[in-house]
>>> print(open('entry-v3.pdb').read())   # PDB, C-alpha atoms
ATOM      1  CA  MET A   1      18.055 204.714  45.917
ATOM      2  CA  ALA A   2      20.615 203.758  48.552
ATOM      3  CA  THR A   3      20.273 201.125  51.233
ATOM      4  CA  THR A   4      22.061 201.267  54.561
ATOM      5  CA  ASP A   5      23.410 198.753  57.020
ATOM      6  CA  LEU A   6      22.552 198.744  60.722
ATOM      7  CA  ILE A   7      25.103 201.449  61.531
ATOM      8  CA  GLY A   8      23.757 203.750  58.841
ATOM      9  CA  ALA A   9      26.634 203.605  56.361
ATOM     10  CA  GLN A  10      25.693 203.413  52.739
ATOM     11  CA  THR A  11      26.152 199.875  51.455
ATOM     12  CA  ARG A  12      24.547 199.822  48.008
ATOM     13  CA  THR A  13      23.359 202.323  45.489
ATOM     14  CA  GLU A  14      20.949 201.475  42.701
ATOM     15  CA  ARG A  15      22.326 202.650  39.398
ATOM     16  CA  PRO A  16      20.011 204.928  37.436
ATOM     17  CA  THR A  17      19.181 203.909  33.879
ATOM     18  CA  PRO A  18      20.554 205.954  30.978
ATOM     19  CA  LEU A  19      17.081 207.443  30.484
ATOM     20  CA  ALA A  20      17.037 208.596  34.118
ATOM     21  CA  LEU A  21      20.388 210.323  33.552
ATOM     22  CA  ALA A  22      19.208 212.067  30.390
ATOM     23  CA  ARG A  23      18.582 215.778  30.659
ATOM     24  CA  PRO A  24      15.520 217.259  28.997
ATOM     25  CA  THR A  25      16.289 218.817  25.654
ATOM     26  CA  ALA A  26      14.351 220.911  23.180
ATOM     27  CA  GLN A  27      12.147 219.015  20.768
ATOM     28  CA  LEU A  28      13.753 218.291  17.404
ATOM     29  CA  PRO A  29      12.443 220.263  14.446
ATOM     30  CA  GLN A  30      10.191 218.094  12.274
ATOM     31  CA  PRO A  31      12.783 217.488   9.515
ATOM     32  CA  GLY A  32      15.295 216.367  12.178
ATOM     33  CA  ALA A  33      12.752 214.072  13.854
ATOM     34  CA  ASP A  34      11.874 212.553  10.482
ATOM     35  CA  ALA A  35      15.561 211.971   9.683
ATOM     36  CA  LEU A  36      16.131 210.341  13.085
ATOM     37  CA  ARG A  37      13.142 207.992  12.615
ATOM     38  CA  LYS A  38      14.440 207.105   9.150
ATOM     39  CA  LEU A  39      17.904 206.308  10.535
ATOM     40  CA  GLU A  40      16.508 204.242  13.406
ATOM     41  CA  SER A  41      14.338 202.226  11.020
ATOM     42  CA  ALA A  42      17.317 201.681   8.690
ATOM     43  CA  PHE A  43      19.482 200.253  11.472
ATOM     44  CA  PRO A  44      17.212 198.216  13.778
ATOM     45  CA  ALA A  45      19.940 195.670  14.569
ATOM     46  CA  ALA A  46      22.390 198.397  15.621
ATOM     47  CA  LEU A  47      19.741 200.051  17.779
ATOM     48  CA  ALA A  48      18.864 196.720  19.403
ATOM     49  CA  GLU A  49      22.575 196.093  20.075
ATOM     50  CA  GLN A  50      22.949 199.533  21.670
ATOM     51  CA  HIS A  51      19.986 198.804  23.966
ATOM     52  CA  ARG A  52      21.480 195.385  24.865
ATOM     53  CA  ILE A  53      24.798 196.993  25.799
ATOM     54  CA  GLU A  54      23.059 199.692  27.864
ATOM     55  CA  ARG A  55      21.058 197.059  29.761
ATOM     56  CA  ALA A  56      24.189 195.001  30.461
ATOM     57  CA  ALA A  57      26.173 198.036  31.637
ATOM     58  CA  CYS A  58      23.344 199.402  33.794
ATOM     59  CA  SER A  59      22.873 196.086  35.552
ATOM     60  CA  LEU A  60      26.380 196.243  37.037
ATOM     61  CA  ARG A  61      26.923 197.495  40.555
ATOM     62  CA  ASN A  62      29.983 199.529  41.517
ATOM     63  CA  GLY A  63      33.090 197.356  41.170
ATOM     64  CA  GLU A  64      31.355 194.564  39.243
ATOM     65  CA  SER A  65      32.811 193.496  35.910
ATOM     66  CA  THR A  66      31.549 191.765  32.805
ATOM     67  CA  VAL A  67      32.587 191.318  29.192
ATOM     68  CA  ILE A  68      30.612 193.180  26.538
ATOM     69  CA  ASN A  69      31.449 192.417  22.907
ATOM     70  CA  GLY A  70      34.795 190.941  23.933
ATOM     71  CA  SER A  71      35.876 193.938  26.029
ATOM     72  CA  PRO A  72      36.037 193.807  29.819
ATOM     73  CA  VAL A  73      33.821 196.417  31.467
ATOM     74  CA  THR A  74      33.878 197.448  35.150
ATOM     75  CA  ALA A  75      31.284 199.694  36.760
ATOM     76  CA  VAL A  76      32.927 202.501  38.722
ATOM     77  CA  SER A  77      31.868 205.657  40.469
ATOM     78  CA  LEU A  78      32.236 209.012  38.738
ATOM     79  CA  GLU A  79      35.123 209.858  41.094
ATOM     80  CA  VAL A  80      37.010 206.698  40.071
ATOM     81  CA  ALA A  81      36.287 207.260  36.362
ATOM     82  CA  GLU A  82      37.636 210.814  36.612
ATOM     83  CA  ALA A  83      40.725 209.664  38.539
ATOM     84  CA  LEU A  84      41.412 206.983  35.925
ATOM     85  CA  THR A  85      41.079 209.484  33.076
ATOM     86  CA  ARG A  86      43.337 211.992  34.854
ATOM     87  CA  TYR A  87      45.883 209.216  35.483
ATOM     88  CA  GLU A  88      45.911 208.147  31.820
ATOM     89  CA  ILE A  89      46.335 211.714  30.555
ATOM     90  CA  ALA A  90      48.984 212.616  33.141
ATOM     91  CA  THR A  91      51.063 209.477  32.491
ATOM     92  CA  ALA A  92      51.014 210.183  28.750
ATOM     93  CA  ARG A  93      52.236 213.758  29.345
ATOM     94  CA  TYR A  94      54.821 212.583  31.888
ATOM     95  CA  ASP A  95      56.140 209.959  29.439
ATOM     96  CA  GLU A  96      56.346 212.612  26.724
ATOM     97  CA  LEU A  97      58.425 214.943  28.913
ATOM     98  CA  ILE A  98      60.599 212.430  30.820
ATOM     99  CA  VAL A  99      62.496 211.362  27.695
ATOM    100  CA  ARG A 100      63.779 214.891  27.130
ATOM    101  CA  PRO A 101      66.736 216.401  28.985
ATOM    102  CA  ALA A 102      65.552 218.891  31.616
ATOM    103  CA  SER A 103      67.683 221.618  30.015
ATOM    104  CA  THR A 104      65.553 221.448  26.855
ATOM    105  CA  LEU A 105      62.218 221.924  28.653
ATOM    106  CA  SER A 106      60.523 225.301  28.543
ATOM    107  CA  PRO A 107      59.306 226.754  31.857
ATOM    108  CA  ALA A 108      55.728 225.721  30.958
ATOM    109  CA  GLU A 109      56.863 222.170  30.144
ATOM    110  CA  PHE A 110      58.838 221.996  33.379
ATOM    111  CA  ASP A 111      55.698 223.029  35.295
ATOM    112  CA  ALA A 112      53.640 220.503  33.310
ATOM    113  CA  PHE A 113      56.132 217.793  34.311
ATOM    114  CA  GLY A 114      55.603 218.563  38.011
ATOM    115  CA  ASP A 115      51.838 218.885  37.551
ATOM    116  CA  ALA A 116      51.735 215.487  35.839
ATOM    117  CA  GLN A 117      53.570 213.893  38.780
ATOM    118  CA  GLN A 118      51.136 215.443  41.261
ATOM    119  CA  THR A 119      48.125 214.376  39.204
ATOM    120  CA  ILE A 120      49.445 210.819  38.984
ATOM    121  CA  ALA A 121      49.939 210.688  42.760
ATOM    122  CA  LYS A 122      46.457 212.103  43.509
ATOM    123  CA  SER A 123      44.801 209.771  41.031
ATOM    124  CA  LEU A 124      46.611 206.764  42.460
ATOM    125  CA  GLY A 125      45.358 207.754  45.917
ATOM    126  CA  VAL A 126      41.729 207.895  44.750
ATOM    127  CA  LEU A 127      42.044 204.581  42.913
ATOM    128  CA  ALA A 128      43.759 202.917  45.881
ATOM    129  CA  ASP A 129      41.091 204.155  48.304
ATOM    130  CA  ALA A 130      38.422 202.705  46.010
ATOM    131  CA  GLY A 131      40.286 199.394  45.632
ATOM    132  CA  MET A 132      40.485 199.906  41.863
ATOM    133  CA  LEU A 133      44.235 199.975  41.189
ATOM    134  CA  HIS A 134      43.801 197.070  38.752
ATOM    135  CA  LEU A 135      42.171 199.522  36.337
ATOM    136  CA  ILE A 136      45.484 201.285  35.645
ATOM    137  CA  GLU A 137      47.154 198.180  34.204
ATOM    138  CA  PRO A 138      46.467 199.286  30.591
ATOM    139  CA  ALA A 139      47.908 202.752  31.316
ATOM    140  CA  GLU A 140      51.025 201.159  32.830
ATOM    141  CA  THR A 141      51.376 198.956  29.743
ATOM    142  CA  ALA A 142      51.068 202.062  27.544
ATOM    143  CA  THR A 143      53.872 203.676  29.568
ATOM    144  CA  ARG A 144      56.088 200.623  28.964
ATOM    145  CA  TYR A 145      55.231 200.849  25.242
ATOM    146  CA  ARG A 146      56.178 204.547  25.067
ATOM    147  CA  GLN A 147      59.430 203.900  26.958
ATOM    148  CA  ALA A 148      60.336 201.023  24.630
ATOM    149  CA  SER A 149      59.542 203.256  21.654
ATOM    150  CA  ALA A 150      61.912 205.933  22.974
ATOM    151  CA  HIS A 151      64.609 203.315  23.553
ATOM    152  CA  CYS A 152      64.099 201.979  20.027
ATOM    153  CA  ARG A 153      64.614 205.465  18.549
ATOM    154  CA  HIS A 154      67.753 205.910  20.664
ATOM    155  CA  PHE A 155      69.159 202.503  19.680
ATOM    156  CA  ALA A 156      68.397 203.149  16.000
ATOM    157  CA  ALA A 157      70.207 206.505  16.164
ATOM    158  CA  CYS A 158      73.233 204.748  17.704
ATOM    159  CA  ALA A 159      73.073 201.925  15.126
ATOM    160  CA  ASP A 160      72.515 199.416  17.964
ATOM    161  CA  PHE A 161      70.240 197.085  16.031
ATOM    162  CA  ASP A 162      70.170 194.371  18.709
ATOM    163  CA  GLY A 163      68.937 196.926  21.240
ATOM    164  CA  CYS A 164      66.417 198.177  18.704
ATOM    165  CA  LEU A 165      65.080 194.648  18.129
ATOM    166  CA  GLU A 166      64.746 194.107  21.882
ATOM    167  CA  ALA A 167      62.794 197.357  22.227
ATOM    168  CA  GLN A 168      60.589 196.384  19.282
ATOM    169  CA  ASP A 169      59.851 193.045  20.967
ATOM    170  CA  GLU A 170      58.723 194.901  24.100
ATOM    171  CA  MET A 171      56.603 197.255  21.999
ATOM    172  CA  GLY A 172      54.936 194.294  20.276
ATOM    173  CA  HIS A 173      54.255 192.591  23.603
ATOM    174  CA  CYS A 174      52.708 195.762  25.042
ATOM    175  CA  ARG A 175      50.655 196.325  21.900
ATOM    176  CA  ARG A 176      49.198 192.795  22.142
ATOM    177  CA  GLN A 177      48.293 193.371  25.801
ATOM    178  CA  LEU A 178      46.601 196.664  24.982
ATOM    179  CA  GLU A 179      44.774 195.106  22.045
ATOM    180  CA  GLN A 180      43.449 192.321  24.298
ATOM    181  CA  ALA A 181      42.299 194.966  26.797
ATOM    182  CA  GLY A 182      40.658 196.988  24.022
ATOM    183  CA  ARG A 183      42.839 200.019  24.877
ATOM    184  CA  LEU A 184      44.978 200.669  21.786
ATOM    185  CA  ASP A 185      43.733 204.246  22.082
ATOM    186  CA  LEU A 186      46.340 204.750  24.835
ATOM    187  CA  ILE A 187      49.134 204.489  22.272
ATOM    188  CA  GLY A 188      47.375 206.207  19.390
ATOM    189  CA  GLY A 189      45.939 203.046  17.832
ATOM    190  CA  VAL A 190      42.399 202.210  16.869
TER     191      VAL A 190
END
>>> encode(input="entry-v3.pdb", output="structure tokens")
Amino acid sequence: MATTDLIGAQTRTERPTPLALARPTAQLPQPGADALRKLESAFPAALAEQHRIERAACSLRNGESTVINGSPVTAVSLEVAEALTRYEIATARYDELIVRPASTLSPAEFDAFGDAQQTIAKSLGVLADAGMLHLIEPAETATRYRQASAHCRHFAACADFDGCLEAQDEMGHCRRQLEQAGRLDLIGGV
């Protein structure tokens, strides 16, 4: 339910609960329902923790942040979440292609390079309009990590061990930042 200010612009939207977002599904067959009940009874603490996390996340309004289990969480609109995901994917693809000489790119890769740049620009526009540019900091750190990794490979191939150590230092710094943000997934970590 949305409220409005005196001019009629939307000022606040109540967030629906996860149950309100759930779509109706077919009833489980009896053996499946029995197995689910057995699992739920075997893990009551995990189920209680899941419900606690859902309550904490659902209580946030758009743009509000909190920390859940040591990870910062910010409530965003679907449009912002999609823009952030597109940005993360496009920057990873861009970083993958930018390290290669243009003459080695296939026509499809060359098109993907341009598409990645356009996607990054569009996503940045959506995030800027929403005042959520701070959300791309982990993706920018992942880009620095991937660039340092490419430099490290180059320095190692040239037997420039001092340059390689410097790149490894940058990689370690970026990895620590991503670990603190809970986003090692951006560089293939867990």
>>> residues_near_point(input="entry-v3.pdb", point="(50.7, 200.7, 32.9)", cutoff="12 Å", atoms="all atoms listed in the file", output="number ranges by chain")
A: 84, 87-88, 91-92, 95, 120, 133-147, 174-175, 177-178, 181, 183, 186-187
>>> atom_distance(input="entry-v3.pdb", atom1="atom CA of Gly131 of chain A", atom2="atom CA of Ala75 of chain A")
12.6 Å
>>> atom_distance(input="entry-v3.pdb", atom1="atom CA of Asp185 of chain A", atom2="atom CA of Arg86 of chain A")
14.9 Å
>>> atom_distance(input="entry-v3.pdb", atom1="atom CA of Leu184 of chain A", atom2="atom CA of Leu47 of chain A")
25.6 Å
>>> residues_around(input="entry-v3.pdb", residues="Ala57 of chain A", least_positions_apart="4", cutoff="9 Å", atoms="only C-alpha atoms", output="MDAnalysis selection string")
chainID A and resid 52:53 61 66 68 73:75
>>> closest_residue(input="entry-v3.pdb", among="A:Gln117, A:Gln27, A:Gln168, A:Gln180", to="Val67 of chain A", atoms="all atoms listed in the file")
A:Gln180
>>> closest_residue(input="entry-v3.pdb", among="A:Ala33, A:Ala26, A:Ala45, A:Ile89", to="Ala116 of chain A", atoms="all atoms listed in the file")
A:Ile89
